[in-house]
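Engineer: I have a structure here, written as C-alpha cells, and I will follow up with some questions on it.
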Amino acid sequence: MSKYSFIVPALLSFIVVASPAAAQAPAADSWKVTVAPYFLGASMNGTIAVKGQELDIDMSASDIFENLQFGAMGLVVARKGNWGFGGDAIWMSLGANGTSPGPGDITGSADVDQGAFSFYGLRRLASVADLMFGARVNTLQVDLRFDGPSLASADGSKTWVDPIVGLQLHTPDNGKRWHAQVYTEIGGFGAGSDLTWQVFPTFGVDLARWVSIDFGYRWLAIDYTSGEGPTLFKYDVLTQGPVLGFVFKF
C-alpha cells in the first residue's frame, strides 16, 4: 500500500501554506460541542490471514452494494477558538467470500468484527481547514472458513494502536442551510499498522440551528501484519460504504 505514500507530503505542504491563516481566525470565548451518531454500510476487499491461513477478497463495484453489512459510528468534538479535542468510535460487522492464494482454487469466507476508537486534538489552520493529530485503537476479531475436503477454519483477534494525523476541509460557517466537508487521514507509519488511511466526504443540510442530517461515503484502509508462518496475522483491507447520520451542535 506504499502507493498512497504521496498523501504525507501533500498534507505537509497544505499545513505549511495554511498555518499563517490560523492566527487570523476569530477566537471564540465559549466552548462549542458537536455530537454526531452515524449509521454506516460497509463492504471490504483485500487480504486477511489468521494462523497462517490466508484469504483474498476482491469485490467489484456492483458486489460492494450487494454485500453491504452495517455498523455504527459516533463522534464528539469540543473546541474553543483555534484549539479543540475529540474522539470517535466505529464498530462494524463485516463478511465476504474469497479465494485462498496458491494451487487448488480453494474458496472460503471471512467474518470480521472491527472496532476503531480514536482520540485526537485539533488545530484550526484556516476558516475552512483543521489539522487533526492523535491515535486510534484498532481491534479485530476474525473468523476464516475454507471450503473443500479439509473444511479448515481459523480464528483470531488482535488489538493495536496507530498514530494518526488528518486534515479536515469544510465550507465556511456563513449561515447557509447546507454544508460540506472532507476528512482525510494517514497513520500507522510502522508503529502499529504499516499504513492506514481514511477519506470521508460528507454533505449536510440543516434541519434547525442546532441539528443537521448528513450523508457521505467513507473509505478506510488498514495494512497490518504480525507474526509469520503458522502465527501470521494479516489484515490488508479497504473498507468502504455509505454513511447517514445526524449532527447536533451545542
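Every chain in the C-alpha cells has a letter given in the order shown (A, B, ...), and although residue numbers restart at 1 in each chain, ligands are simply numbered from 1 in the order shown.
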Produce a table with one row for each residue of stretch 24-140 of chain A that has an atom at most 9 Å from any atom of stretch 159-174 of chain A, each row naming the nearest atom pair and its distance in Å at one decimal; use only C-alpha atoms; arrange rows by chain and rising residue number; format as a tab-separated table.

Structural biologist:
residue	atom	partner	partner_atom	distance
A:Ser118	CA	A:Ile164	CA	8.9
A:Tyr120	CA	A:Ile164	CA	8.4
A:Ser127	CA	A:Pro172	CA	6.2
A:Val128	CA	A:His170	CA	5.1
A:Ala129	CA	A:Leu169	CA	4.6
A:Asp130	CA	A:Gln168	CA	5.2
A:Leu131	CA	A:Leu167	CA	4.9
A:Met132	CA	A:Gly166	CA	4.7
A:Phe133	CA	A:Val165	CA	4.4
A:Gly134	CA	A:Ile164	CA	5.4
A:Ala135	CA	A:Pro163	CA	4.3
A:Arg136	CA	A:Asp162	CA	5.2
A:Val137	CA	A:Val161	CA	4.5
A:Asn138	CA	A:Trp160	CA	5.4
A:Thr139	CA	A:Thr159	CA	4.3
A:Leu140	CA	A:Thr159	CA	6.5

Engineer: Contacts of A:Ser193 at 7 Å or less, counting only C-alpha atoms, minus same-chain residues fewer than 6 places along, as a PyMOL selection string?

Structural biologist: chain A and resi 162+222-224

Engineer: Need to verify the contact set: A:Thr47, 9 Å, only C-alpha atoms, exclusion of same-chain residues closer than 4 positions in sequence. Can you return it as a list of chain:residue names?

Structural biologist: A:Glu54, A:Leu55, A:Asp56, A:Ile57, A:Asp58, A:Lys234, A:Tyr235, A:Asp236, A:Val237

Engineer: Would you work out the distance separating atom CA of A:Leu75 from atom CA of A:Ala36, expressed in Å to one decimal?

Structural biologist: 5.3 Å

Engineer: Which parts of stretch 157-208 of chain A does DSSP call strand (DSSP E or B) when run on the backbone here, written out as number ranges by chain?

Structural biologist: A: 157-170, 178-187, 195-208

Engineer: Need the shell around A:Gly84: protein/DNA/RNA residues with any atom at most 7 Å away, counting only C-alpha atoms. Skip same-chain ones fewer than 5 positions apart. Format as a list of chain:residue names?

Structural biologist: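 Near neighbours after the sequence-gap exclusion: A:Ala78, A:Arg79, A:Gly121, A:Leu122, A:Arg123.
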
Engineer: Include C-alpha atoms and write out the residues we just selected as a short mmCIF file (atom, residue, chain, number, x, y, z; two decimals), in the first residue's frame.

Structural biologist:
data_model
loop_
_atom_site.label_atom_id
_atom_site.label_comp_id
_atom_site.auth_asym_id
_atom_site.auth_seq_id
_atom_site.Cartn_x
_atom_site.Cartn_y
_atom_site.Cartn_z
CA ALA A 78 -15.27 20.13 21.65
CA ARG A 79 -13.48 23.28 20.54
CA GLY A 121 -6.52 17.12 19.26
CA LEU A 122 -7.27 19.66 16.58
CA ARG A 123 -5.86 22.99 15.50
#

Engineer: For A:Val50, list every protein, DNA or RNA residue within 7 Å, evaluated using only C-alpha atoms, and leave out those in the same chain fewer than 3 positions away; present the list as an MDAnalysis selection string.

Structural biologist: chainID A and resid 53:54 154:156 232:234

Engineer: May I have the residues from that selection written out with C-alpha atoms, as an mmCIF file, in the first residue's frame?

Structural biologist:
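After the write, part.cif holds the following:
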data_model
loop_
_atom_site.group_PDB
_atom_site.id
_atom_site.type_symbol
_atom_site.label_atom_id
_atom_site.label_comp_id
_atom_site.auth_asym_id
_atom_site.auth_seq_id
_atom_site.Cartn_x
_atom_site.Cartn_y
_atom_site.Cartn_z
ATOM 1 C CA GLN A 53 -4.361 -19.336 6.680
ATOM 2 C CA GLU A 54 -4.879 -16.659 4.021
ATOM 3 C CA ALA A 154 -9.064 -20.311 11.659
ATOM 4 C CA ASP A 155 -9.987 -17.575 14.083
ATOM 5 C CA GLY A 156 -8.051 -14.983 15.998
ATOM 6 C CA LEU A 232 0.841 -14.988 10.656
ATOM 7 C CA PHE A 233 -1.951 -12.487 11.277
ATOM 8 C CA LYS A 234 -2.556 -10.117 8.366
#

Engineer: Of the residues A:Ala126, A:Ala89, A:Ala49, A:Ile213, which is the one nearest to A:Gln114, using only C-alpha atoms?

Structural biologist: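 Among the listed residues, the smallest separation from A:Gln114 belongs to A:Ala89.
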